[in-house]
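These notes are about the structure you will find just below.
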Amino acid sequence: MDQPSLTDRRRATARRRLLALPAALAALALLPAPARAAGEGTPEEMRRIPLQPFMLPGKDRFSYVRLEVVLFLRLTEEIQRDAELVNLMRPRIVGTITETLTNEHFTEIHLKSREVAALKERIREIANAALGAPLVEEVLILSLLVT
C-alpha cells in the first residue's frame with residue numbers, strides 16, 4: 001500500500017479546512033454579538049465597564065503590581081449615555097489611576113482584606129474624579145498580582 005505523499009496530505013487538510021469554513025462562519029453568525037460593541041443591551045450589561053490590565057510599581061524595592069478591574073456604573077435612566085461616556089473616557093481613567101497609584105505606592109507584597117477594600121474605594125474615587133461626576137458605584141478587582 002502506498003502512503004500519500006506530504007503534498008497530498010497537505011492538499012487534503014486544506015480541502016477539509018475550506019469545506020469546514022462555511023459551517024464555522026454560520027456558527028459564528030449565530031453567536032450573540034457583544035452588547036457593548038453595538039452600544040445596546042440590558043442596563044445590567046451596560047453598567048459593567050472592564051478596564052485593561054495595567055502595571056504599577058509596588059511599595060517594596062523591585063516589586064510591581066498588575067491590576068485588572070471592572071467598573072460598575074450607577075443604574076440611572078441615562079445608563080446608555082453614561083456607559084458611552086465612560087467608554088470614551090477609559091484611557092483617561094486608566095491614565096489617572098496609574099499616575100495616582102504610582103505616586104501613592106499603595107501596596108506591599110502581603111495585602112490584608114482591609115487594604116484591598118481601601119484600594120477598591122480609592123480606584124472608585126480616582127475614576128469618578130477623572131470622569132468629573134460620580135458615575136462609578138462599585139469596583140470589582142478581577143486580578144491583583146503583587147510581586
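Just remember, in the C-alpha cells the first chain shown is A, the second B, etc., residues are 1-based per chain, and ligands are 1-based in the order shown.
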
For region 40-50 of chain A, find every residue with an atom within 6 Å (counting only C-alpha atoms), except residues of its own chain fewer than 5 positions away, and show them as an MDAnalysis selection string. chainID A and resid 35 70:73

Selected residues written out with N, CA and C atoms, as a compact mmCIF listing (two decimals), in the first residue's frame:
# COMPACT_ATOMS: atom_id res chain seq x y z
N ALA A 35 -22.81 43.02 23.52
CA ALA A 35 -23.73 44.14 23.66
C ALA A 35 -22.98 45.46 23.68
N VAL A 70 -12.91 46.01 37.01
CA VAL A 70 -14.15 46.28 36.28
C VAL A 70 -14.88 47.36 37.06
N LEU A 71 -15.31 48.40 36.35
CA LEU A 71 -16.08 49.47 36.96
C LEU A 71 -17.56 49.18 36.77
N PHE A 72 -18.34 49.37 37.81
CA PHE A 72 -19.79 49.23 37.73
C PHE A 72 -20.40 50.60 37.89
N LEU A 73 -21.18 51.00 36.89
CA LEU A 73 -21.81 52.32 36.91
C LEU A 73 -23.10 52.28 37.71

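The residue that comes closest to Leu140 (chain A), out of A:Thr96, A:Thr7, A:Leu111, A:Leu67 and on the basis of only C-alpha atoms, is A:Leu67.
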
I need the residue nearest Glu99 (chain A) from this list: A:Ala20, A:Ile126, A:Ala14, A:Ile141. Use only C-alpha atoms for the distance.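 The shortest atom-to-atom distance to Glu99 (chain A) comes from A:Ile126.
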
Can you pull out every residue within 9 Å of Arg74 (chain A), counting only C-alpha atoms, but drop anything in the same chain fewer than 4 positions away, and send it as a ChimeraX atom specification? /A:47,79,82,134-138

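When CA of Ile93 (chain A) is paired with CA of Tyr64 (chain A), their separation reads 19.9 Å.
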
Counting only C-alpha atoms, the residue of A:Arg66, A:Arg90, A:Arg17, A:Arg81 that sits nearest Leu51 (chain A):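 Selected residue with least distance to Leu51 (chain A): A:Arg90.
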
Record the distance separating CA of Val146 (chain A) and CA of Gly132 (chain A), expressed in Å with one decimal. 29.8 Å

Two-atom distance - CA of Glu68 (chain A), CA of Lys112 (chain A) (Å):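 That distance, rounded to one decimal, is 17.9 Å.
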
Residues at most 12 Å from Ala118 (chain A), counting only C-alpha atoms, excluding those fewer than 5 positions away in the same chain, as an MDAnalysis selection string? chainID A and resid 106:107 111:113 123:125 139 141

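Shortest atom-to-atom contact with Met89 (chain A) among A:Ser63, A:Gln3, A:Asn128, A:Ser143: A:Asn128, counting only C-alpha atoms.
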
When DSSP works through the backbone of this structure, what residues of region 41-142 of chain A end up as helix (DSSP H, G or I), shown as a VMD selection string? chain A and resid 43 to 46 79 to 88 90 to 104 113 to 131

With N, CA and C atoms kept, could you save the residues just selected as a short mmCIF file (atom, residue, chain, number, x, y, z; two decimals), in the first residue's frame?
data_model
loop_
_atom_site.label_atom_id
_atom_site.label_comp_id
_atom_site.auth_asym_id
_atom_site.auth_seq_id
_atom_site.Cartn_x
_atom_site.Cartn_y
_atom_site.Cartn_z
N PRO A 43 -29.57 47.15 30.80
CA PRO A 43 -28.85 48.10 31.66
C PRO A 43 -27.79 47.42 32.52
N GLU A 44 -28.05 46.18 32.93
CA GLU A 44 -27.08 45.45 33.75
C GLU A 44 -25.81 45.16 32.95
N GLU A 45 -25.94 44.88 31.66
CA GLU A 45 -24.76 44.65 30.81
C GLU A 45 -24.02 45.95 30.53
N MET A 46 -24.77 47.03 30.36
CA MET A 46 -24.13 48.31 30.03
C MET A 46 -23.40 48.91 31.22
N ILE A 79 -28.34 55.41 31.66
CA ILE A 79 -27.25 54.45 31.74
C ILE A 79 -26.52 54.28 30.40
N GLN A 80 -27.24 54.35 29.30
CA GLN A 80 -26.59 54.20 27.99
C GLN A 80 -25.66 55.38 27.73
N ARG A 81 -26.10 56.58 28.03
CA ARG A 81 -25.26 57.77 27.84
C ARG A 81 -24.05 57.71 28.77
N ASP A 82 -24.27 57.32 30.02
CA ASP A 82 -23.18 57.22 30.99
C ASP A 82 -22.16 56.16 30.55
N ALA A 83 -22.64 55.02 30.06
CA ALA A 83 -21.74 53.95 29.61
C ALA A 83 -20.91 54.41 28.41
N GLU A 84 -21.52 55.13 27.49
CA GLU A 84 -20.78 55.66 26.33
C GLU A 84 -19.72 56.65 26.78
N LEU A 85 -20.06 57.51 27.75
CA LEU A 85 -19.10 58.48 28.27
C LEU A 85 -17.92 57.77 28.92
N VAL A 86 -18.20 56.78 29.76
CA VAL A 86 -17.12 56.07 30.44
C VAL A 86 -16.26 55.31 29.43
N ASN A 87 -16.87 54.71 28.41
CA ASN A 87 -16.09 54.02 27.38
C ASN A 87 -15.19 54.98 26.63
N LEU A 88 -15.68 56.19 26.35
CA LEU A 88 -14.84 57.19 25.68
C LEU A 88 -13.72 57.69 26.58
N ARG A 90 -12.24 55.97 28.95
CA ARG A 90 -11.48 54.86 29.50
C ARG A 90 -9.97 55.11 29.52
N PRO A 91 -9.35 55.60 28.44
CA PRO A 91 -7.90 55.87 28.50
C PRO A 91 -7.54 56.90 29.57
N ARG A 92 -8.36 57.91 29.72
CA ARG A 92 -8.10 58.93 30.74
C ARG A 92 -8.24 58.33 32.14
N ILE A 93 -9.23 57.47 32.34
CA ILE A 93 -9.43 56.84 33.64
C ILE A 93 -8.23 55.97 33.99
N VAL A 94 -7.80 55.14 33.04
CA VAL A 94 -6.65 54.26 33.29
C VAL A 94 -5.40 55.09 33.55
N GLY A 95 -5.19 56.15 32.78
CA GLY A 95 -4.03 57.01 32.99
C GLY A 95 -4.04 57.69 34.34
N THR A 96 -5.20 58.18 34.75
CA THR A 96 -5.30 58.84 36.05
C THR A 96 -5.08 57.86 37.19
N ILE A 97 -5.67 56.66 37.07
CA ILE A 97 -5.47 55.64 38.11
C ILE A 97 -3.99 55.27 38.18
N THR A 98 -3.37 55.04 37.03
CA THR A 98 -1.96 54.66 37.00
C THR A 98 -1.09 55.74 37.62
N GLU A 99 -1.30 56.98 37.22
CA GLU A 99 -0.49 58.08 37.74
C GLU A 99 -0.68 58.27 39.24
N THR A 100 -1.91 58.25 39.69
CA THR A 100 -2.19 58.48 41.11
C THR A 100 -1.65 57.36 41.98
N LEU A 101 -1.93 56.12 41.60
CA LEU A 101 -1.49 55.00 42.42
C LEU A 101 0.02 54.80 42.37
N THR A 102 0.66 55.20 41.26
CA THR A 102 2.12 55.14 41.19
C THR A 102 2.73 56.10 42.20
N ASN A 103 2.18 57.28 42.32
CA ASN A 103 2.70 58.26 43.26
C ASN A 103 2.41 57.89 44.71
N GLU A 104 1.36 57.12 44.94
CA GLU A 104 0.99 56.77 46.31
C GLU A 104 1.71 55.53 46.81
N SER A 113 -7.25 42.14 53.80
CA SER A 113 -8.54 42.40 53.17
C SER A 113 -8.95 43.87 53.29
N ARG A 114 -8.62 44.51 54.39
CA ARG A 114 -8.98 45.94 54.53
C ARG A 114 -8.18 46.81 53.57
N GLU A 115 -6.94 46.39 53.24
CA GLU A 115 -6.15 47.13 52.27
C GLU A 115 -6.72 46.99 50.87
N VAL A 116 -7.22 45.80 50.54
CA VAL A 116 -7.86 45.58 49.24
C VAL A 116 -9.15 46.41 49.15
N ALA A 117 -9.93 46.44 50.23
CA ALA A 117 -11.15 47.25 50.25
C ALA A 117 -10.82 48.74 50.11
N ALA A 118 -9.75 49.19 50.76
CA ALA A 118 -9.33 50.59 50.63
C ALA A 118 -8.87 50.89 49.21
N LEU A 119 -8.21 49.92 48.57
CA LEU A 119 -7.77 50.09 47.18
C LEU A 119 -8.98 50.22 46.25
N LYS A 120 -9.98 49.37 46.45
CA LYS A 120 -11.20 49.45 45.63
C LYS A 120 -11.85 50.83 45.78
N GLU A 121 -11.94 51.31 47.01
CA GLU A 121 -12.54 52.63 47.26
C GLU A 121 -11.72 53.74 46.61
N ARG A 122 -10.39 53.62 46.69
CA ARG A 122 -9.52 54.63 46.09
C ARG A 122 -9.66 54.63 44.57
N ILE A 123 -9.74 53.46 43.95
CA ILE A 123 -9.92 53.39 42.50
C ILE A 123 -11.25 54.02 42.10
N ARG A 124 -12.29 53.78 42.89
CA ARG A 124 -13.60 54.39 42.61
C ARG A 124 -13.52 55.91 42.68
N GLU A 125 -12.84 56.42 43.71
CA GLU A 125 -12.68 57.88 43.85
C GLU A 125 -11.91 58.47 42.67
N ILE A 126 -10.83 57.81 42.29
CA ILE A 126 -10.00 58.31 41.18
C ILE A 126 -10.78 58.28 39.87
N ALA A 127 -11.52 57.20 39.61
CA ALA A 127 -12.30 57.09 38.37
C ALA A 127 -13.37 58.17 38.33
N ASN A 128 -14.06 58.40 39.43
CA ASN A 128 -15.09 59.45 39.46
C ASN A 128 -14.47 60.83 39.29
N ALA A 129 -13.29 61.05 39.86
CA ALA A 129 -12.61 62.33 39.67
C ALA A 129 -12.20 62.52 38.21
N ALA A 130 -11.74 61.46 37.56
CA ALA A 130 -11.36 61.54 36.15
C ALA A 130 -12.57 61.82 35.27
N LEU A 131 -13.73 61.29 35.65
CA LEU A 131 -14.95 61.50 34.88
C LEU A 131 -15.59 62.85 35.17
#

The residue from A:Arg15, A:Glu78, A:Pro22, A:Pro53 with the smallest atom-to-atom distance to Val65 (chain A), counting only C-alpha atoms, is A:Pro53
